[in-house]
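Engineer: First the structure, then my questions, so here it is.
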Amino acid sequence: KGPDPDLVAIVERMATVKHKILVLSGKGGVGKSTFSAQVSFALADMDYQVGLLDIDICGPSIPKMLGLEGQDIHQSNLGWSPIYLESNLGVMSIGFMLPHPDEAVIWRGPRKNGLIKQFLKDVHWGELDYLVVDAPPGTSDEHISIVQFLQATGIDGAIIVTTPQQVSLIDVRKEISFCKKVGIRVLGVVENMSGLRQPISDLKFAKLSDAGDEIDVTGWALNHIKTNAPELLSMVACSEVFDSSGGGAAKMCMEMGVPFLGKVPLDPQLCKAAEEGRSCFADQKCGTSAPSLRRIIEKL
Ligand code: ADP
């Protein structure tokens with residue numbers, strides 16, 4: 001039996017892609033797609049040729065986060081054309097293929113597997129410095145497919161996004177263990193929505209923290225209760241939420257022997273940039289998260 005023709009086609013297609021990076025998370029809602037989108041914007045800003053592939057079949061949010069909702073994919077004799085935001089930033093997502101963005105996609109494993117295969121085989125990216133793949137949360141059919149196909153072409157590794165809470169970190173451990181089992185290098189873990197940095201211009205919290213200092217949101221809440229309303233302490237049933245803030249991911253990385261890439265603070269400007277489908281780096285009022293994101297990207 002000869003080699004699988006699909007795999008041969010994927011290897012051929014991916015031969016023009018220098019670096020492939022998978023973005024994973026244990027849970028949904030931790031900022032994985034936001035991170036994938038902003039990393040792509042940043043790499044494109046640095047003049048790299050970038051492709052962003054969204055394989056979150058059941059919840060594709062990349063079109064919205066890049067301001068590309070409602071776009072259609074075109075086909076040429078070279079394959080499916082990505083949607084270009086800039087000449088050096090192309091995007092491909094299942095979201096472009098759905099007739100109604102609010103329609104649920106209920107597909108079984110083989111169909112998802114087929115679509116991922118097709119994405120890798122038929123999208124005409126051309127020469128790319130980076131292909132950033134935004135995966136769904138967890139470790140499901142899509143992950144097994146993408147890993148199986150990309151491994152045949154060589155993959156740099158995976159970045160895992162988490163929040164500082166224990167509930168998220170438990171699932172990150174599973175994600176790291178998945179990567180180890182399938183032989184994918186963990187490029188590192190990013191702790192997102194980690195604390196809140198006080199913007200210099202915003203003095204609302206000035207009494208609580210000096211401008212520019214980090215406010216540990218959950219820890220701050222606990223200290224605030226301790227100082228101002230100790231009688232309420234007994235009512236804080238879920239102390240884990242308070243105790244788990246800050247540094248959780250770094251410690252876990254040490255334990256599991258994987259790199260810690262850094263923290264990204266909770267930043268309303270980043271949330272706004274994602275909602276409006278734009279880069280958080282270009283904005284003059286650029287949020288407190290941009291420097292942290294930049295430092296992480298420089299480590300890649
Ligand atoms: P996931 O891909 O993990 O499901 P998303 O990237 O969709 O998560 O992010 C969930 C929400 O959180 C989005 O509204 C996004 O804009 C917001 N968000 C992500 N990271 C941050 C952050 N550091 N600060 C503020 N909001 C954030």
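Identifiers for the structure tokens are assigned positionally: chains receive A, B, ... in sequence, residues are indexed from 1 per chain, and ligands are indexed from 1 in the order shown.
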May I ask you to write as a PyMOL selection string all residues lying at most 10 Å from ligand 1, with only C-alpha atoms and all ligand atoms counted?
Structural biologist: chain A and resi 23-38+56+59-62+64-65+134-137+161-163+191-196+263-277+287-290+292-293
Engineer: I'd like the neighbourhood of region 116-126 of chain A as a short mmCIF file (atom, residue, chain, number, x, y, z; two decimals) with N, CA and C atoms, in the first residue's frame, where a residue qualifies if any of its atoms comes within 10 Å (using only C-alpha atoms), though same-chain residues fewer than 3 positions away should be ignored.
Structural biologist:
data_model
loop_
_atom_site.label_atom_id
_atom_site.label_comp_id
_atom_site.auth_asym_id
_atom_site.auth_seq_id
_atom_site.Cartn_x
_atom_site.Cartn_y
_atom_site.Cartn_z
N ASP A 6 -3.72 11.96 0.61
CA ASP A 6 -4.07 13.21 1.31
C ASP A 6 -2.87 13.75 2.09
N LEU A 7 -2.20 12.83 2.75
CA LEU A 7 -1.04 13.22 3.55
C LEU A 7 0.07 13.77 2.64
N VAL A 8 0.22 13.15 1.48
CA VAL A 8 1.22 13.62 0.52
C VAL A 8 0.87 15.05 0.09
N ALA A 9 -0.45 15.27 -0.18
CA ALA A 9 -0.89 16.61 -0.61
C ALA A 9 -0.66 17.63 0.50
N ILE A 10 -0.91 17.24 1.76
CA ILE A 10 -0.71 18.16 2.89
C ILE A 10 0.78 18.51 3.01
N VAL A 11 1.62 17.51 2.91
CA VAL A 11 3.07 17.75 3.03
C VAL A 11 3.53 18.70 1.93
N GLU A 12 3.01 18.50 0.72
CA GLU A 12 3.37 19.38 -0.40
C GLU A 12 2.93 20.82 -0.13
N ARG A 13 1.66 20.95 0.31
CA ARG A 13 1.09 22.27 0.57
C ARG A 13 1.85 22.99 1.67
N MET A 14 2.23 22.25 2.71
CA MET A 14 2.87 22.86 3.88
C MET A 14 4.38 23.09 3.67
N ALA A 15 4.88 22.63 2.53
CA ALA A 15 6.32 22.76 2.28
C ALA A 15 6.73 24.24 2.18
N THR A 16 5.76 25.13 1.90
CA THR A 16 6.11 26.55 1.78
C THR A 16 5.86 27.31 3.09
N VAL A 17 5.55 26.58 4.15
CA VAL A 17 5.29 27.21 5.46
C VAL A 17 6.47 26.93 6.39
N GLN A 49 5.27 37.03 6.84
CA GLN A 49 4.11 36.56 6.07
C GLN A 49 3.36 35.59 6.97
N VAL A 50 2.10 35.91 7.30
CA VAL A 50 1.39 35.16 8.34
C VAL A 50 0.08 34.57 7.83
N GLY A 51 -0.21 33.34 8.22
CA GLY A 51 -1.51 32.72 7.97
C GLY A 51 -2.14 32.36 9.31
N LEU A 52 -3.44 32.63 9.44
CA LEU A 52 -4.15 32.27 10.67
C LEU A 52 -5.26 31.30 10.29
N LEU A 53 -5.17 30.09 10.83
CA LEU A 53 -6.14 29.05 10.49
C LEU A 53 -6.97 28.72 11.72
N ASP A 54 -8.28 28.89 11.60
CA ASP A 54 -9.20 28.66 12.72
C ASP A 54 -9.87 27.30 12.52
N ILE A 55 -9.51 26.33 13.37
CA ILE A 55 -10.15 25.01 13.21
C ILE A 55 -11.15 24.75 14.34
N ASP A 56 -11.61 25.83 14.98
CA ASP A 56 -12.64 25.67 16.02
C ASP A 56 -13.98 25.56 15.30
N ILE A 57 -14.27 24.35 14.88
CA ILE A 57 -15.41 24.14 13.98
C ILE A 57 -16.74 24.49 14.65
N GLN A 75 -12.41 30.33 -4.59
CA GLN A 75 -11.62 29.19 -5.02
C GLN A 75 -10.93 29.55 -6.33
N SER A 76 -9.68 29.18 -6.44
CA SER A 76 -9.00 29.38 -7.72
C SER A 76 -8.40 28.05 -8.12
N ASN A 77 -7.71 28.01 -9.25
CA ASN A 77 -7.12 26.72 -9.62
C ASN A 77 -5.97 26.33 -8.70
N LEU A 78 -5.57 27.27 -7.81
CA LEU A 78 -4.51 26.93 -6.85
C LEU A 78 -5.08 26.39 -5.54
N GLY A 79 -6.40 26.53 -5.36
CA GLY A 79 -7.03 26.06 -4.13
C GLY A 79 -7.91 27.13 -3.53
N TRP A 80 -8.30 26.91 -2.25
CA TRP A 80 -9.10 27.93 -1.56
C TRP A 80 -8.21 29.10 -1.20
N SER A 81 -8.68 30.32 -1.48
CA SER A 81 -7.86 31.49 -1.13
C SER A 81 -8.22 31.97 0.26
N PRO A 82 -7.21 32.20 1.10
CA PRO A 82 -7.51 32.79 2.41
C PRO A 82 -8.06 34.20 2.21
N LEU A 89 -1.15 39.07 5.76
CA LEU A 89 -1.94 38.41 6.81
C LEU A 89 -3.21 37.78 6.21
N GLY A 90 -3.15 36.46 6.00
CA GLY A 90 -4.29 35.72 5.43
C GLY A 90 -4.99 34.90 6.50
N VAL A 91 -6.31 34.79 6.36
CA VAL A 91 -7.10 34.11 7.39
C VAL A 91 -8.01 33.07 6.75
N MET A 92 -8.10 31.90 7.39
CA MET A 92 -9.04 30.88 6.93
C MET A 92 -9.79 30.33 8.13
N SER A 93 -11.12 30.24 8.01
CA SER A 93 -11.93 29.77 9.13
C SER A 93 -13.20 29.09 8.60
N ILE A 94 -13.67 28.12 9.33
CA ILE A 94 -14.95 27.49 9.00
C ILE A 94 -16.06 28.55 9.04
N PRO A 110 -15.60 12.21 12.05
CA PRO A 110 -15.07 12.02 10.70
C PRO A 110 -15.26 13.25 9.80
N ARG A 111 -16.38 13.94 9.98
CA ARG A 111 -16.63 15.11 9.14
C ARG A 111 -15.67 16.26 9.52
N LYS A 112 -15.46 16.40 10.83
CA LYS A 112 -14.51 17.43 11.31
C LYS A 112 -13.11 17.10 10.79
N ASN A 113 -12.78 15.82 10.90
CA ASN A 113 -11.48 15.35 10.43
C ASN A 113 -11.31 15.67 8.94
N ASP A 129 5.82 32.65 6.63
CA ASP A 129 6.79 32.52 7.72
C ASP A 129 6.14 31.79 8.89
N LEU A 131 2.38 29.92 10.29
CA LEU A 131 0.97 29.52 10.26
C LEU A 131 0.55 29.33 11.71
N GLU A 142 -10.72 17.15 16.75
CA GLU A 142 -9.99 18.13 15.94
C GLU A 142 -8.50 18.13 16.27
N HIS A 143 -8.20 17.95 17.57
CA HIS A 143 -6.79 17.99 17.98
C HIS A 143 -6.03 16.79 17.45
N SER A 145 -6.78 15.09 14.83
CA SER A 145 -6.61 15.26 13.38
C SER A 145 -5.48 16.22 13.06
N ILE A 146 -5.53 17.40 13.67
CA ILE A 146 -4.54 18.42 13.28
C ILE A 146 -3.13 17.95 13.62
N GLN A 148 -2.05 14.85 13.88
CA GLN A 148 -1.68 13.75 12.98
C GLN A 148 -1.21 14.32 11.63
N PHE A 149 -1.98 15.28 11.09
CA PHE A 149 -1.63 15.82 9.77
C PHE A 149 -0.40 16.72 9.83
N LEU A 150 -0.36 17.58 10.86
CA LEU A 150 0.76 18.52 10.90
C LEU A 150 2.08 17.85 11.24
#
Engineer: From the set A:Gln71, A:Ser177, A:Ser40, A:Ser168, which residue has the shortest atom-to-atom contact distance to Val132 (chain A), counting only C-alpha atoms?
Structural biologist: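 For Val132 (chain A), the nearest of the candidates is A:Ser40.
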Engineer: So what do you get for CA of Gly109 (chain A) versus CA of Asp171 (chain A), distance-wise?
Structural biologist: 21.4 Å
Engineer: If we count only C-alpha atoms and set the cut-off at 12 Å, which residues sit around Ile184 (chain A), ignoring sequence neighbours fewer than 6 positions away in its own chain? Please answer as a PDB file with N, CA and C atoms, in the first residue's frame.
Structural biologist:
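Output (out.pdb):
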ATOM      1  N   LYS A  20       5.013  26.384  12.046  1.00  0.00           N
ATOM      2  CA  LYS A  20       3.599  26.089  12.351  1.00  0.00           C
ATOM      3  C   LYS A  20       3.436  26.051  13.861  1.00  0.00           C
ATOM      4  N   ILE A  21       2.506  26.866  14.341  1.00  0.00           N
ATOM      5  CA  ILE A  21       2.292  26.963  15.793  1.00  0.00           C
ATOM      6  C   ILE A  21       0.825  26.699  16.100  1.00  0.00           C
ATOM      7  N   LEU A  22       0.609  25.785  17.027  1.00  0.00           N
ATOM      8  CA  LEU A  22      -0.751  25.432  17.434  1.00  0.00           C
ATOM      9  C   LEU A  22      -1.071  26.200  18.721  1.00  0.00           C
ATOM     10  N   VAL A  23      -2.260  26.838  18.774  1.00  0.00           N
ATOM     11  CA  VAL A  23      -2.647  27.523  20.012  1.00  0.00           C
ATOM     12  C   VAL A  23      -3.770  26.716  20.662  1.00  0.00           C
ATOM     13  N   LEU A  24      -3.506  26.278  21.897  1.00  0.00           N
ATOM     14  CA  LEU A  24      -4.435  25.382  22.599  1.00  0.00           C
ATOM     15  C   LEU A  24      -4.888  25.988  23.922  1.00  0.00           C
ATOM     16  N   HIS A 143      -8.196  17.946  17.568  1.00  0.00           N
ATOM     17  CA  HIS A 143      -6.787  17.987  17.981  1.00  0.00           C
ATOM     18  C   HIS A 143      -6.033  16.786  17.453  1.00  0.00           C
ATOM     19  N   ILE A 144      -6.698  15.632  17.543  1.00  0.00           N
ATOM     20  CA  ILE A 144      -6.031  14.420  17.068  1.00  0.00           C
ATOM     21  C   ILE A 144      -5.779  14.552  15.567  1.00  0.00           C
ATOM     22  N   ILE A 146      -5.525  17.399  13.666  1.00  0.00           N
ATOM     23  CA  ILE A 146      -4.535  18.421  13.280  1.00  0.00           C
ATOM     24  C   ILE A 146      -3.126  17.951  13.625  1.00  0.00           C
ATOM     25  N   VAL A 147      -2.985  17.313  14.772  1.00  0.00           N
ATOM     26  CA  VAL A 147      -1.662  16.843  15.183  1.00  0.00           C
ATOM     27  C   VAL A 147      -1.167  15.776  14.211  1.00  0.00           C
ATOM     28  N   GLN A 148      -2.051  14.846  13.881  1.00  0.00           N
ATOM     29  CA  GLN A 148      -1.679  13.754  12.979  1.00  0.00           C
ATOM     30  C   GLN A 148      -1.209  14.317  11.626  1.00  0.00           C
ATOM     31  N   LEU A 150      -0.355  17.576  10.859  1.00  0.00           N
ATOM     32  CA  LEU A 150       0.761  18.523  10.897  1.00  0.00           C
ATOM     33  C   LEU A 150       2.082  17.855  11.236  1.00  0.00           C
ATOM     34  N   GLN A 151       1.999  16.782  12.012  1.00  0.00           N
ATOM     35  CA  GLN A 151       3.251  16.121  12.376  1.00  0.00           C
ATOM     36  C   GLN A 151       3.964  15.577  11.155  1.00  0.00           C
ATOM     37  N   ALA A 152       3.180  15.204  10.138  1.00  0.00           N
ATOM     38  CA  ALA A 152       3.791  14.678   8.913  1.00  0.00           C
ATOM     39  C   ALA A 152       4.595  15.775   8.210  1.00  0.00           C
ATOM     40  N   GLY A 154       5.969  18.468   9.975  1.00  0.00           N
ATOM     41  CA  GLY A 154       6.845  19.150  10.938  1.00  0.00           C
ATOM     42  C   GLY A 154       6.097  20.314  11.560  1.00  0.00           C
ATOM     43  N   ILE A 155       6.047  20.346  12.871  1.00  0.00           N
ATOM     44  CA  ILE A 155       5.338  21.418  13.578  1.00  0.00           C
ATOM     45  C   ILE A 155       6.254  21.948  14.673  1.00  0.00           C
ATOM     46  N   ASP A 156       6.294  23.271  14.840  1.00  0.00           N
ATOM     47  CA  ASP A 156       7.188  23.840  15.843  1.00  0.00           C
ATOM     48  C   ASP A 156       6.760  23.444  17.253  1.00  0.00           C
ATOM     49  N   GLY A 157       5.438  23.544  17.510  1.00  0.00           N
ATOM     50  CA  GLY A 157       4.952  23.182  18.827  1.00  0.00           C
ATOM     51  C   GLY A 157       3.659  23.903  19.159  1.00  0.00           C
ATOM     52  N   ALA A 158       3.278  23.813  20.439  1.00  0.00           N
ATOM     53  CA  ALA A 158       1.999  24.374  20.871  1.00  0.00           C
ATOM     54  C   ALA A 158       2.203  25.411  21.963  1.00  0.00           C
ATOM     55  N   ILE A 159       1.358  26.450  21.895  1.00  0.00           N
ATOM     56  CA  ILE A 159       1.289  27.426  22.985  1.00  0.00           C
ATOM     57  C   ILE A 159      -0.028  27.153  23.695  1.00  0.00           C
ATOM     58  N   ILE A 160      -0.010  27.082  25.006  1.00  0.00           N
ATOM     59  CA  ILE A 160      -1.237  26.807  25.749  1.00  0.00           C
ATOM     60  C   ILE A 160      -1.638  28.048  26.535  1.00  0.00           C
ATOM     61  N   GLU A 175      -3.810  19.214  28.932  1.00  0.00           N
ATOM     62  CA  GLU A 175      -3.379  19.656  27.606  1.00  0.00           C
ATOM     63  C   GLU A 175      -1.875  19.382  27.427  1.00  0.00           C
ATOM     64  N   ILE A 176      -1.112  19.658  28.475  1.00  0.00           N
ATOM     65  CA  ILE A 176       0.336  19.405  28.416  1.00  0.00           C
ATOM     66  C   ILE A 176       0.579  17.904  28.267  1.00  0.00           C
ATOM     67  N   SER A 177      -0.196  17.139  29.012  1.00  0.00           N
ATOM     68  CA  SER A 177      -0.022  15.690  28.941  1.00  0.00           C
ATOM     69  C   SER A 177      -0.399  15.174  27.547  1.00  0.00           C
ATOM     70  N   PHE A 178      -1.422  15.777  26.924  1.00  0.00           N
ATOM     71  CA  PHE A 178      -1.796  15.417  25.547  1.00  0.00           C
ATOM     72  C   PHE A 178      -0.605  15.682  24.611  1.00  0.00           C
ATOM     73  N   VAL A 258       7.716  22.593  31.585  1.00  0.00           N
ATOM     74  CA  VAL A 258       7.487  23.287  30.306  1.00  0.00           C
ATOM     75  C   VAL A 258       7.734  24.783  30.513  1.00  0.00           C
TER      76      VAL A 258
END
Engineer: So how many Å separate CA of Asn88 (chain A) and CA of Ala44 (chain A), to one decimal?
Structural biologist: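 If I compute the distance from CA of Asn88 (chain A) to CA of Ala44 (chain A), I get 6.1 Å.
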Engineer: For the atom pair CA of Pro99 (chain A) and CA of Val39 (chain A), what is the interatomic distance in Å to one decimal place?
Structural biologist: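 Computed distance, CA of Pro99 (chain A) to CA of Val39 (chain A), equals 27.9 Å.
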